[in-house]
file run_9.csv (CSV, C-alpha atoms and all ligand atoms)
chain,number,residue,atom,x,y,z
A,21,MET,CA,-94.9,-131.6,-113.0
A,22,ASP,CA,-92.4,-128.7,-112.5
A,23,ASN,CA,-91.0,-128.9,-116.0
A,24,LEU,CA,-90.1,-132.5,-115.6
A,25,ILE,CA,-89.8,-134.6,-118.7
A,26,TYR,CA,-91.1,-137.8,-117.2
A,27,PHE,CA,-90.6,-141.2,-118.8
A,28,ASP,CA,-90.7,-143.3,-115.7
A,29,TYR,CA,-94.4,-144.2,-115.4
A,30,ALA,CA,-93.6,-147.8,-114.6
A,31,ALA,CA,-91.8,-146.7,-111.5
A,32,THR,CA,-94.7,-144.7,-110.4
A,33,ALA,CA,-97.4,-142.5,-111.9
A,34,PRO,CA,-98.7,-139.1,-110.9
A,35,VAL,CA,-101.8,-139.2,-108.8
A,36,ARG,CA,-104.9,-138.5,-111.0
A,37,PRO,CA,-107.0,-135.5,-110.1
A,38,GLU,CA,-110.1,-137.8,-109.6
A,39,ALA,CA,-108.1,-139.8,-107.1
A,40,ILE,CA,-107.0,-136.7,-105.2
A,41,LYS,CA,-110.6,-135.4,-105.0
A,42,ALA,CA,-111.9,-138.8,-103.8
A,43,MET,CA,-109.1,-139.0,-101.2
A,44,MET,CA,-109.8,-135.6,-99.8
A,45,ASP,CA,-113.5,-136.4,-99.5
A,46,ALA,CA,-112.7,-139.6,-97.7
A,47,LEU,CA,-110.2,-137.9,-95.4
A,48,GLY,CA,-113.0,-135.6,-94.4
A,49,GLN,CA,-115.2,-138.6,-93.4
A,50,PHE,CA,-112.9,-140.0,-90.8
A,51,GLY,CA,-115.1,-142.7,-89.4
A,52,ASN,CA,-113.7,-146.2,-88.8
A,53,PRO,CA,-115.6,-148.6,-91.1
A,54,SER,CA,-115.8,-151.2,-88.2
A,55,SER,CA,-117.6,-148.8,-85.8
A,56,ARG,CA,-121.3,-149.4,-85.3
A,57,TYR,CA,-122.8,-145.9,-85.4
A,58,GLY,CA,-124.3,-144.2,-88.5
A,59,TYR,CA,-121.4,-141.8,-89.2
A,60,ALA,CA,-118.9,-144.7,-89.4
A,61,ARG,CA,-121.3,-146.8,-91.4
A,62,ARG,CA,-121.0,-144.2,-94.2
A,63,ALA,CA,-117.3,-145.0,-94.4
A,64,ALA,CA,-118.1,-148.7,-94.5
A,65,GLN,CA,-120.6,-148.1,-97.3
A,66,ARG,CA,-118.0,-146.1,-99.2
A,67,VAL,CA,-115.4,-148.9,-98.9
A,68,LYS,CA,-118.1,-151.4,-100.2
A,69,GLU,CA,-118.7,-149.2,-103.3
A,70,ASP,CA,-115.0,-148.8,-103.9
A,71,ARG,CA,-114.5,-152.5,-103.7
A,72,GLU,CA,-117.3,-153.0,-106.2
A,73,ALA,CA,-115.6,-150.5,-108.6
A,74,VAL,CA,-112.2,-152.2,-108.4
A,75,ALA,CA,-113.8,-155.7,-108.7
A,76,ALA,CA,-115.8,-154.5,-111.8
A,77,ALA,CA,-112.5,-153.5,-113.5
A,78,PHE,CA,-111.0,-156.9,-112.5
A,79,GLY,CA,-114.2,-158.7,-113.8
A,80,CYS,CA,-114.5,-160.5,-110.5
A,81,SER,CA,-117.0,-160.5,-107.6
A,82,PRO,CA,-116.3,-158.0,-104.8
A,83,SER,CA,-116.1,-160.9,-102.4
A,84,GLU,CA,-113.0,-162.1,-104.3
A,85,LEU,CA,-111.1,-158.8,-103.9
A,86,PHE,CA,-109.0,-157.7,-100.8
A,87,PHE,CA,-107.4,-154.4,-100.3
A,88,THR,CA,-103.7,-154.5,-99.4
A,89,SER,CA,-101.0,-151.9,-98.8
A,90,CYS,CA,-99.1,-152.4,-102.1
A,91,GLY,CA,-98.3,-154.9,-104.8
A,92,THR,CA,-95.4,-156.3,-102.7
A,93,GLU,CA,-97.9,-157.2,-100.0
A,94,GLY,CA,-100.2,-159.0,-102.5
A,95,ASP,CA,-97.2,-160.9,-103.9
A,96,ASN,CA,-96.0,-161.9,-100.4
A,97,TRP,CA,-99.5,-163.0,-99.3
A,98,ALA,CA,-100.1,-165.0,-102.5
A,99,LEU,CA,-96.7,-166.8,-102.5
A,100,ARG,CA,-96.3,-167.4,-98.7
A,101,ARG,CA,-99.8,-168.5,-98.0
A,102,GLY,CA,-100.3,-170.1,-101.4
A,103,ALA,CA,-97.2,-172.3,-100.9
A,104,GLU,CA,-98.5,-173.1,-97.4
A,105,LEU,CA,-102.0,-174.0,-98.6
A,106,ASN,CA,-100.6,-176.6,-101.0
A,107,ARG,CA,-97.8,-177.9,-98.7
A,108,ARG,CA,-99.2,-181.4,-98.7
A,109,ARG,CA,-98.8,-181.6,-102.5
A,110,GLY,CA,-95.1,-180.7,-102.3
A,111,ARG,CA,-92.6,-178.0,-101.8
A,112,HIS,CA,-91.8,-177.2,-105.5
A,113,ILE,CA,-92.5,-173.7,-106.8
A,114,ILE,CA,-92.1,-172.4,-110.4
A,115,THR,CA,-91.6,-168.8,-111.2
A,116,THR,CA,-89.5,-166.8,-113.8
A,117,ALA,CA,-86.1,-165.4,-113.5
A,118,VAL,CA,-87.4,-162.0,-114.5
A,119,GLU,CA,-90.1,-161.4,-111.9
A,120,HIS,CA,-90.1,-158.3,-109.7
A,121,ALA,CA,-88.1,-158.4,-106.4
A,122,ALA,CA,-91.4,-158.7,-104.6
A,123,VAL,CA,-91.7,-162.2,-106.0
A,124,LEU,CA,-88.0,-163.2,-106.3
A,125,GLU,CA,-87.0,-162.2,-102.8
A,126,THR,CA,-90.1,-164.0,-101.4
A,127,CYS,CA,-89.2,-167.1,-103.3
A,128,ARG,CA,-85.6,-166.9,-101.9
A,129,ASP,CA,-87.1,-166.7,-98.4
A,130,LEU,CA,-89.3,-169.7,-99.2
A,131,GLU,CA,-86.1,-171.5,-100.4
A,132,ARG,CA,-84.6,-170.8,-96.9
A,133,GLN,CA,-87.7,-172.5,-95.5
A,134,GLY,CA,-87.2,-175.7,-97.5
A,135,TYR,CA,-89.0,-175.0,-100.7
A,136,GLU,CA,-87.3,-175.7,-104.0
A,137,VAL,CA,-87.8,-173.0,-106.7
A,138,THR,CA,-87.4,-173.4,-110.5
A,139,TYR,CA,-86.7,-170.1,-112.1
A,140,LEU,CA,-87.7,-170.2,-115.8
A,141,LYS,CA,-85.2,-168.3,-118.1
A,142,PRO,CA,-86.5,-166.1,-120.9
A,143,ASP,CA,-85.2,-166.1,-124.4
A,144,ARG,CA,-83.2,-163.2,-125.9
A,145,ALA,CA,-86.4,-161.3,-126.5
A,146,GLY,CA,-87.5,-161.7,-122.8
A,147,ARG,CA,-90.2,-164.2,-123.6
A,148,ILE,CA,-91.3,-167.4,-121.8
A,149,SER,CA,-93.5,-170.0,-123.4
A,150,PRO,CA,-96.3,-172.2,-122.0
A,151,GLU,CA,-94.4,-175.2,-123.2
A,152,GLN,CA,-91.4,-174.2,-121.2
A,153,LEU,CA,-93.5,-173.9,-118.1
A,154,ALA,CA,-95.3,-177.2,-118.8
A,155,ALA,CA,-91.9,-179.0,-119.0
A,156,ALA,CA,-91.0,-177.7,-115.5
A,157,LEU,CA,-94.2,-179.0,-113.8
A,158,ARG,CA,-93.7,-181.9,-111.4
A,159,ALA,CA,-95.8,-184.1,-109.2
A,160,ASP,CA,-94.7,-182.0,-106.2
A,161,THR,CA,-95.3,-178.6,-107.7
A,162,ALA,CA,-97.4,-176.6,-105.3
A,163,LEU,CA,-97.5,-173.1,-106.8
A,164,VAL,CA,-96.6,-171.3,-110.0
A,165,SER,CA,-96.0,-167.5,-110.0
A,166,MET,CA,-95.8,-165.6,-113.3
A,167,MET,CA,-96.1,-161.9,-114.0
A,168,LEU,CA,-98.4,-160.5,-116.6
A,169,VAL,CA,-96.2,-157.6,-117.9
A,170,ASN,CA,-92.5,-157.4,-117.3
A,171,ASN,CA,-91.7,-154.1,-115.7
A,172,GLU,CA,-88.4,-153.7,-117.5
A,173,THR,CA,-89.1,-155.0,-121.0
A,174,GLY,CA,-92.9,-154.5,-121.3
A,175,VAL,CA,-93.1,-158.0,-122.6
A,176,ILE,CA,-96.6,-159.6,-121.9
A,177,PHE,CA,-96.3,-163.2,-120.7
A,178,PRO,CA,-98.8,-165.7,-122.0
A,179,VAL,CA,-100.4,-166.1,-118.6
A,180,GLU,CA,-103.7,-167.3,-119.8
A,181,ASP,CA,-102.2,-170.2,-121.8
A,182,CYS,CA,-99.8,-170.9,-118.9
A,183,VAL,CA,-102.7,-171.2,-116.5
A,184,LYS,CA,-104.3,-173.7,-118.9
A,185,ALA,CA,-101.2,-175.7,-119.1
A,186,VAL,CA,-100.8,-175.9,-115.4
A,187,LYS,CA,-104.5,-176.7,-114.7
A,188,ALA,CA,-104.4,-179.4,-117.4
A,189,PHE,CA,-101.4,-181.0,-115.6
A,190,ASP,CA,-103.2,-180.7,-112.2
A,191,PRO,CA,-106.0,-178.3,-111.3
A,192,ALA,CA,-104.8,-178.4,-107.6
A,193,ILE,CA,-101.6,-176.4,-108.4
A,194,LEU,CA,-102.2,-172.8,-107.5
A,195,PHE,CA,-101.4,-170.1,-110.0
A,196,HIS,CA,-100.4,-166.6,-108.9
A,197,CYS,CA,-100.0,-163.7,-111.3
A,198,ASP,CA,-98.2,-160.4,-110.4
A,199,ALA,CA,-100.3,-158.1,-112.6
A,200,VAL,CA,-98.9,-154.9,-111.1
A,201,GLN,CA,-97.8,-153.6,-114.5
A,202,GLY,CA,-100.7,-155.1,-116.4
A,203,PHE,CA,-103.7,-153.7,-114.5
A,204,LEU,CA,-105.6,-151.3,-116.8
A,205,LYS,CA,-102.7,-151.6,-119.3
A,206,THR,CA,-103.9,-154.7,-121.1
A,207,PRO,CA,-107.3,-154.9,-122.8
A,208,ARG,CA,-108.9,-157.9,-121.1
A,209,PRO,CA,-110.2,-158.0,-117.5
A,210,LEU,CA,-107.6,-159.7,-115.3
A,211,VAL,CA,-110.1,-162.4,-114.2
A,212,ARG,CA,-110.0,-163.8,-117.7
A,213,LEU,CA,-106.4,-164.9,-117.0
A,214,GLY,CA,-107.9,-167.8,-115.0
A,215,ALA,CA,-105.3,-167.4,-112.3
A,216,ASP,CA,-106.2,-168.3,-108.7
A,217,LEU,CA,-104.5,-165.2,-107.2
A,218,VAL,CA,-103.7,-161.8,-108.9
A,219,ALA,CA,-101.9,-158.9,-107.3
A,220,VAL,CA,-102.1,-155.3,-108.4
A,221,SER,CA,-100.9,-151.9,-107.0
A,222,GLY,CA,-102.5,-148.4,-107.0
A,223,HIS,CA,-99.5,-146.2,-107.6
A,224,LYS,CA,-98.9,-147.5,-111.1
A,225,ILE,CA,-102.4,-146.4,-112.2
A,226,GLY,CA,-102.8,-142.9,-110.7
A,227,ALA,CA,-103.7,-143.7,-107.1
A,228,PRO,CA,-101.3,-142.7,-104.3
A,229,LYS,CA,-98.6,-145.1,-103.0
A,230,GLY,CA,-99.8,-147.4,-100.1
A,231,ILE,CA,-102.7,-149.2,-101.7
A,232,GLY,CA,-103.1,-152.4,-103.7
A,233,ALA,CA,-105.4,-155.4,-104.0
A,234,LEU,CA,-105.2,-159.1,-104.2
A,235,TYR,CA,-107.8,-161.1,-106.1
A,236,VAL,CA,-108.4,-164.5,-104.5
A,237,LYS,CA,-110.5,-166.8,-106.7
A,238,LYS,CA,-113.7,-168.1,-105.0
A,239,GLY,CA,-113.0,-171.4,-103.3
A,240,VAL,CA,-109.2,-170.8,-102.8
A,241,ARG,CA,-108.9,-171.0,-99.0
A,242,LEU,CA,-105.9,-168.7,-98.5
A,243,ARG,CA,-105.0,-167.9,-94.9
A,244,PRO,CA,-104.3,-164.3,-93.9
A,245,LEU,CA,-100.8,-162.9,-93.9
A,246,LEU,CA,-101.9,-160.2,-91.4
A,247,THR,CA,-103.9,-161.2,-88.4
A,248,GLY,CA,-105.7,-158.9,-86.0
A,249,GLY,CA,-109.1,-157.2,-86.0
A,250,GLY,CA,-110.5,-159.3,-88.7
A,251,GLN,CA,-111.1,-156.7,-91.4
A,252,GLU,CA,-111.5,-157.7,-95.1
A,253,GLU,CA,-113.6,-160.8,-94.1
A,254,GLY,CA,-110.9,-161.8,-91.6
A,255,LEU,CA,-108.4,-162.2,-94.4
A,256,ARG,CA,-106.5,-159.0,-94.1
A,257,SER,CA,-106.6,-157.3,-90.8
A,258,GLY,CA,-105.8,-153.6,-90.2
A,259,THR,CA,-108.2,-150.7,-90.2
A,260,GLU,CA,-109.2,-150.1,-93.8
A,261,ALA,CA,-107.1,-147.3,-95.5
A,262,THR,CA,-110.4,-145.5,-96.4
A,263,ALA,CA,-108.8,-142.5,-98.2
A,264,GLN,CA,-106.3,-144.6,-100.2
A,265,ILE,CA,-109.1,-147.1,-101.1
A,266,ALA,CA,-111.3,-144.2,-102.3
A,267,ALA,CA,-108.4,-142.8,-104.4
A,268,PHE,CA,-107.6,-146.3,-105.8
A,269,ALA,CA,-111.2,-146.8,-106.8
A,270,ALA,CA,-111.4,-143.3,-108.4
A,271,ALA,CA,-108.3,-144.0,-110.4
A,272,VAL,CA,-109.6,-147.4,-111.5
A,273,ARG,CA,-113.0,-145.9,-112.5
A,274,ALA,CA,-111.3,-143.2,-114.5
A,275,GLY,CA,-108.7,-145.6,-116.1
A,276,ALA,CA,-111.3,-148.3,-117.0
A,277,ALA,CA,-113.6,-145.7,-118.6
A,278,ASP,CA,-110.9,-144.5,-121.0
A,279,GLN,CA,-109.1,-147.3,-122.8
A,280,THR,CA,-108.1,-145.0,-125.6
A,281,ARG,CA,-105.4,-144.0,-123.1
A,282,LEU,CA,-103.6,-147.2,-124.0
A,283,GLU,CA,-103.5,-146.3,-127.6
A,284,ARG,CA,-102.2,-142.8,-126.8
A,285,ALA,CA,-99.4,-144.2,-124.7
A,286,ALA,CA,-98.4,-146.8,-127.3
A,287,ALA,CA,-98.4,-144.1,-130.0
A,288,VAL,CA,-96.0,-141.9,-128.1
A,289,LYS,CA,-93.8,-144.9,-127.3
A,290,GLU,CA,-93.6,-145.8,-131.0
A,291,TYR,CA,-92.8,-142.2,-132.0
A,292,THR,CA,-90.1,-142.0,-129.3
A,293,LEU,CA,-88.4,-145.3,-130.5
A,294,SER,CA,-88.3,-144.2,-134.1
A,295,LYS,CA,-86.9,-140.7,-133.2
A,296,LEU,CA,-84.3,-142.3,-130.9
A,297,LYS,CA,-83.2,-144.6,-133.7
A,298,GLU,CA,-82.9,-141.7,-136.1
A,299,ALA,CA,-80.9,-139.5,-133.7
A,300,LEU,CA,-78.7,-142.1,-132.1
A,301,PRO,CA,-77.3,-144.7,-134.6
A,302,ARG,CA,-75.6,-146.6,-131.7
A,303,LEU,CA,-78.8,-147.1,-129.9
A,304,GLU,CA,-80.3,-150.6,-129.9
A,305,VAL,CA,-83.8,-151.6,-128.9
A,306,ILE,CA,-83.8,-154.4,-126.3
A,307,SER,CA,-87.5,-154.6,-126.3
A,308,ALA,CA,-90.2,-152.5,-128.0
A,309,GLY,CA,-92.6,-153.9,-125.4
A,310,ASP,CA,-96.0,-155.6,-126.0
A,311,ALA,CA,-97.6,-153.5,-123.3
A,312,PRO,CA,-98.4,-149.9,-124.4
A,313,HIS,CA,-96.3,-148.2,-121.8
A,314,ILE,CA,-92.9,-149.8,-121.4
A,315,CYS,CA,-89.9,-150.4,-123.7
A,316,ALA,CA,-86.1,-150.9,-123.1
A,317,VAL,CA,-83.2,-149.6,-125.2
A,318,THR,CA,-79.5,-149.6,-124.7
A,319,LEU,CA,-76.5,-147.5,-125.6
A,320,PRO,CA,-73.7,-150.1,-125.7
A,321,GLY,CA,-70.4,-148.6,-124.4
A,322,TYR,CA,-72.2,-146.3,-122.0
A,323,LYS,CA,-73.0,-146.8,-118.3
A,324,SER,CA,-76.7,-146.4,-117.8
A,325,GLU,CA,-76.4,-145.0,-114.3
A,326,VAL,CA,-74.3,-142.2,-115.6
A,327,VAL,CA,-76.7,-141.5,-118.5
A,328,VAL,CA,-79.7,-141.5,-116.1
A,329,ARG,CA,-77.9,-139.0,-113.8
A,330,VAL,CA,-76.9,-136.7,-116.7
A,331,LEU,CA,-80.5,-136.8,-118.0
A,332,GLY,CA,-81.8,-136.3,-114.5
A,333,ASP,CA,-79.7,-133.1,-114.2
A,334,ARG,CA,-81.6,-131.8,-117.2
A,335,GLY,CA,-85.0,-132.7,-115.7
A,336,VAL,CA,-85.5,-135.8,-117.9
A,337,CYS,CA,-86.5,-138.8,-115.8
A,338,VAL,CA,-85.8,-142.3,-117.2
A,339,SER,CA,-84.7,-145.5,-115.4
A,340,SER,CA,-81.7,-147.8,-115.8
A,341,GLY,CA,-84.1,-150.7,-115.2
A,342,SER,CA,-86.5,-151.2,-112.3
A,343,ALA,CA,-86.4,-148.4,-109.8
A,344,CYS,CA,-85.8,-151.0,-107.2
A,345,HIS,CA,-82.3,-152.0,-108.5
A,346,LYS,CA,-80.5,-148.9,-107.3
A,347,GLY,CA,-77.5,-149.1,-109.5
A,348,ARG,CA,-77.2,-152.9,-109.7
A,349,PRO,CA,-77.3,-154.4,-113.2
A,350,SER,CA,-80.8,-155.5,-114.1
A,351,HIS,CA,-81.5,-159.2,-113.4
A,352,VAL,CA,-84.0,-159.1,-116.2
A,353,PHE,CA,-81.6,-158.1,-118.9
A,354,ALA,CA,-79.0,-160.4,-117.5
A,355,ALA,CA,-81.4,-163.3,-117.6
A,356,MET,CA,-82.0,-162.5,-121.3
A,357,ASN,CA,-78.3,-163.2,-121.9
A,358,LEU,CA,-77.7,-159.8,-123.4
A,359,PRO,CA,-74.0,-159.0,-124.1
A,360,LYS,CA,-72.3,-157.1,-121.3
A,361,PRO,CA,-72.1,-153.7,-123.1
A,362,TRP,CA,-75.9,-153.9,-123.7
A,363,LEU,CA,-76.5,-154.7,-120.0
A,364,ASP,CA,-74.3,-151.7,-119.0
A,365,GLY,CA,-76.0,-149.3,-121.2
A,366,ALA,CA,-79.6,-150.4,-120.7
A,367,LEU,CA,-82.4,-147.8,-120.2
A,368,ARG,CA,-86.1,-148.4,-119.5
A,369,LEU,CA,-88.5,-145.8,-120.8
A,370,SER,CA,-92.1,-145.8,-119.7
A,371,PHE,CA,-95.0,-143.8,-120.9
A,372,SER,CA,-98.6,-142.8,-120.1
A,373,ALA,CA,-101.4,-141.3,-122.1
A,374,ASP,CA,-100.3,-137.9,-120.9
A,375,SER,CA,-96.8,-138.3,-122.5
A,376,THR,CA,-96.5,-136.0,-125.5
A,377,ARG,CA,-94.5,-135.9,-128.7
A,378,GLU,CA,-92.9,-132.7,-127.5
A,379,GLU,CA,-91.7,-134.4,-124.4
A,380,ALA,CA,-90.4,-137.3,-126.6
A,381,ASP,CA,-88.5,-134.8,-128.7
A,382,ALA,CA,-87.0,-133.3,-125.5
A,383,LEU,CA,-86.0,-136.7,-124.3
A,384,VAL,CA,-84.3,-137.6,-127.7
A,385,SER,CA,-82.3,-134.4,-127.8
A,386,ALA,CA,-81.3,-134.6,-124.1
A,387,LEU,CA,-80.2,-138.2,-124.7
A,388,ARG,CA,-78.3,-137.3,-127.9
A,389,ASP,CA,-76.5,-134.5,-126.0
A,390,ALA,CA,-75.7,-136.7,-123.0
A,391,ALA,CA,-74.4,-139.4,-125.3
A,392,ASP,CA,-72.2,-136.9,-127.2
A,393,SER,CA,-70.8,-135.4,-124.0
A,394,LEU,CA,-70.2,-138.8,-122.4
A,395,PHE,CA,-68.7,-140.2,-125.6
A,396,THR,CA,-65.9,-137.6,-125.3
A,397,THR,CA,-65.3,-138.6,-121.7
A,398,LEU,CA,-65.3,-142.3,-122.5
A,399,SER,CA,-63.0,-142.1,-125.6
A,401,LIG,N1,-94.5,-156.2,-109.3
A,401,LIG,C1,-94.1,-155.5,-110.3
A,401,LIG,C2,-94.1,-156.1,-111.7
A,401,LIG,C3,-93.7,-154.1,-110.1
A,401,LIG,O1,-93.4,-153.4,-111.2
A,401,LIG,C4,-93.8,-153.6,-108.8
A,401,LIG,C5,-93.4,-152.2,-108.6
A,401,LIG,O2,-92.6,-151.6,-109.3
A,401,LIG,C6,-94.2,-154.4,-107.8
A,401,LIG,C7,-94.5,-155.7,-108.0
A,401,LIG,C8,-94.3,-153.9,-106.4
A,401,LIG,O3,-95.4,-153.0,-106.2
A,401,LIG,P1,-95.5,-152.0,-105.0
A,401,LIG,O4,-94.5,-150.9,-105.4
A,401,LIG,O5,-96.9,-151.5,-105.0
A,401,LIG,O6,-95.1,-152.7,-103.8
call {"tool": "encode", "arguments": {"input": "run_9.csv", "output": "structure tokens", "more": "lines below"}}
Ligand code: PLP
result
Amino acid sequence: MDNLIYFDYAATAPVRPEAIKAMMDALGQFGNPSSRYGYARRAAQRVKEDREAVAAAFGCSPSELFFTSCGTEGDNWALRRGAELNRRRGRHIITTAVEHAAVLETCRDLERQGYEVTYLKPDRAGRISPEQLAAALRADTALVSMMLVNNETGVIFPVEDCVKAVKAFDPAILFHCDAVQGFLKTPRPLVRLGADLVAVSGHKIGAPKGIGALYVKKGVRLRPLLTGGGQEEGLRSGTEATAQIAAFAAAVRAGAADQTRLERAAAVKEYTLSKLKEALPRLEVISAGDAPHICAVTLPGYKSEVVVRVLGDRGVCVSSGSACHKGRPSHVFAAMNLPKPWLDGALRLSFSADSTREEADALVSALRDAADSLFTTLS
């Protein structure tokens, strides 16, 4: 990675060699899976096998899994069409204040269309409880959307218990889970969450950007978001992105086969946090993260955008929150009611099994140098 010290795997991950190889093979076989002749049928067969591989990692049937262009598309499809499917029940949606923009902005759009949205606030540790969700349920609640792993804190939400609480209140309420940061990062297959709809994305797990999937539980009659040639059983039109699908499936096969990767990522994260605390007494841990690959820290008194830039100049990549914020303070840390200096100095560090202790040492020393040089400018 050109001497990059990369600690931003939650923003995107490098494409795995297995995925590149599968993508190149699929690019060589350019047939359109919908064409009727033998050459194209090979492409269709490949998409079928790739769907089976991704479905196996989900723990679902291949007929419940639909390829999308990204996690954002899956979230949009689930929320817009899920809300529509249950419109007769009511126009109330429940989500959390700390979801990704793919969910929050879609909820805001639904509000403009007449839906009422309850945004559950996390506690200071970034957690949300099933009881909190249960208390917000109403007779007119159509849909609940809750992420599995928060992309800025690494906190794992109790989705399985939340699904149980919702279904005990009324099985007709649809439950969507944005599992973009949880796919292959949490030990249990996603189908066990019990949610009706689950969105994931390829570029967080070693596939290229531009591919994702939505799980739609059997029996949930979700209408398509994209209409056209009727691909994906008529539910997601658009010629199948055969090469991206091949790469996605290859990354899934490789990731699912090696769950020790989770332990390796978690061990480097733990090491980094302990070294950071030793080297920078002012540093506070916002969240050590339940998920193996994400944590959040803060340097109160510093501006995280400046720290991120100074580190970036030294080839060290971290984030001041979600990569999608582009300099705005994180809505996640703000919803956790952190004091302003903590918000201003917040940094997200994210890891993979390929992260090493040597890289962690380089990050720690670069951050200490940056903090020293900026402290002089600040004071
Ligand atoms: N949801 C979460 C929790 C994310 O972290 C992201 C990306 O950062 C998305 C959704 C959007 O996924 P994509 O980039 O594939 O559209």
call {"tool": "closest_residue", "arguments": {"input": "run_9.csv", "among": "A:Val211, A:Gly146, A:Gln201, A:Leu47", "to": "Lys238 in chain A", "atoms": "only C-alpha atoms"}}
result
A:Val211
call {"tool": "closest_residue", "arguments": {"input": "run_9.csv", "among": "A:Lys297, A:Arg368, A:Arg132, A:Arg273", "to": "His313 in chain A", "atoms": "only C-alpha atoms"}}
result
A:Arg368
call {"tool": "closest_atom_pairs", "arguments": {"input": "run_9.csv", "of": "chain A", "to": "ligand LIG 401 (chain A)", "cutoff": "6 Å", "atoms": "only C-alpha atoms and all ligand atoms", "output": "Markdown table"}}
result
| residue | atom | partner | partner_atom | distance |
| --- | --- | --- | --- | --- |
| A:Ala31 | CA | A:LIG401 | O2 | 5.4 |
| A:Cys90 | CA | A:LIG401 | O5 | 3.7 |
| A:Gly91 | CA | A:LIG401 | O5 | 3.7 |
| A:Thr92 | CA | A:LIG401 | O6 | 3.8 |
| A:His120 | CA | A:LIG401 | N1 | 4.9 |
| A:Ala122 | CA | A:LIG401 | C7 | 5.5 |
| A:Asn170 | CA | A:LIG401 | C2 | 6.0 |
| A:Asn171 | CA | A:LIG401 | O1 | 4.9 |
| A:Asp198 | CA | A:LIG401 | N1 | 5.7 |
| A:Val200 | CA | A:LIG401 | C1 | 4.9 |
| A:Gln201 | CA | A:LIG401 | C2 | 5.3 |
| A:Ser221 | CA | A:LIG401 | O5 | 4.5 |
call {"tool": "atom_distance", "arguments": {"input": "run_9.csv", "atom1": "CA of Gly94 in chain A", "atom2": "CA of Val35 in chain A"}}
result
20.8 Å
call {"tool": "residues_around", "arguments": {"input": "run_9.csv", "residues": "Val169 in chain A", "least_positions_apart": "2", "cutoff": "9 Å", "atoms": "all atoms listed in the file", "output": "count of residues only"}}
result
17
call {"tool": "atom_distance", "arguments": {"input": "run_9.csv", "atom1": "CA of Glu104 in chain A", "atom2": "CA of Val137 in chain A"}}
result
14.2 Å
call {"tool": "closest_residue", "arguments": {"input": "run_9.csv", "among": "A:Pro228, A:Gly249, A:Pro142, A:Gly48", "to": "Phe353 in chain A", "atoms": "only C-alpha atoms"}}
result
A:Pro142
call {"tool": "closest_residue", "arguments": {"input": "run_9.csv", "among": "A:Val74, A:Cys315, A:Cys182, A:Leu331", "to": "Ala286 in chain A", "atoms": "all atoms listed in the file"}}
result
A:Cys315
call {"tool": "residues_around", "arguments": {"input": "run_9.csv", "residues": "Pro53 in chain A", "least_positions_apart": "6", "cutoff": "9 Å", "atoms": "only C-alpha atoms", "output": "list in words"}}
result
Ala60, Arg61, Arg62, Ala63, Ala64, Gln65, Arg66, Val67, Thr259, Glu260 and Thr262 of chain A
call {"tool": "residues_near_point", "arguments": {"input": "run_9.csv", "point": "(-114.8, -150.2, -110.4)", "cutoff": "7 Å", "atoms": "all atoms listed in the file", "output": "short mmCIF file (atom, residue, chain, number, x, y, z; two decimals) with C-alpha atoms, in the frame of the given file"}}
result
data_model
loop_
_atom_site.label_atom_id
_atom_site.label_comp_id
_atom_site.auth_asym_id
_atom_site.auth_seq_id
_atom_site.Cartn_x
_atom_site.Cartn_y
_atom_site.Cartn_z
CA ASP A 70 -115.00 -148.80 -103.90
CA GLU A 72 -117.30 -153.00 -106.20
CA ALA A 73 -115.60 -150.50 -108.60
CA VAL A 74 -112.20 -152.20 -108.40
CA ALA A 75 -113.80 -155.70 -108.70
CA ALA A 76 -115.80 -154.50 -111.80
CA ALA A 77 -112.50 -153.50 -113.50
CA ALA A 269 -111.20 -146.80 -106.80
CA VAL A 272 -109.60 -147.40 -111.50
CA ARG A 273 -113.00 -145.90 -112.50
#
call {"tool": "closest_residue", "arguments": {"input": "run_9.csv", "among": "A:Glu151, A:Glu136, A:Asp143, A:Asp95", "to": "Leu358 in chain A", "atoms": "only C-alpha atoms"}}
result
A:Asp143
call {"tool": "atom_distance", "arguments": {"input": "run_9.csv", "atom1": "CA of Ile148 in chain A", "atom2": "CA of Gly275 in chain A"}}
result
28.5 Å
call {"tool": "residues_near_point", "arguments": {"input": "run_9.csv", "point": "(-103.0, -175.5, -102.3)", "cutoff": "9 Å", "atoms": "all atoms listed in the file", "output": "mmCIF file with C-alpha atoms, in the frame of the given file"}}
result
data_model
loop_
_atom_site.group_PDB
_atom_site.id
_atom_site.type_symbol
_atom_site.label_atom_id
_atom_site.label_comp_id
_atom_site.auth_asym_id
_atom_site.auth_seq_id
_atom_site.Cartn_x
_atom_site.Cartn_y
_atom_site.Cartn_z
ATOM 1 C CA ARG A 101 -99.800 -168.500 -98.000
ATOM 2 C CA GLY A 102 -100.300 -170.100 -101.400
ATOM 3 C CA ALA A 103 -97.200 -172.300 -100.900
ATOM 4 C CA GLU A 104 -98.500 -173.100 -97.400
ATOM 5 C CA LEU A 105 -102.000 -174.000 -98.600
ATOM 6 C CA ASN A 106 -100.600 -176.600 -101.000
ATOM 7 C CA ARG A 107 -97.800 -177.900 -98.700
ATOM 8 C CA ARG A 108 -99.200 -181.400 -98.700
ATOM 9 C CA ARG A 109 -98.800 -181.600 -102.500
ATOM 10 C CA ALA A 162 -97.400 -176.600 -105.300
ATOM 11 C CA LEU A 163 -97.500 -173.100 -106.800
ATOM 12 C CA ALA A 192 -104.800 -178.400 -107.600
ATOM 13 C CA ILE A 193 -101.600 -176.400 -108.400
ATOM 14 C CA LEU A 194 -102.200 -172.800 -107.500
ATOM 15 C CA VAL A 240 -109.200 -170.800 -102.800
ATOM 16 C CA ARG A 241 -108.900 -171.000 -99.000
ATOM 17 C CA LEU A 242 -105.900 -168.700 -98.500
#
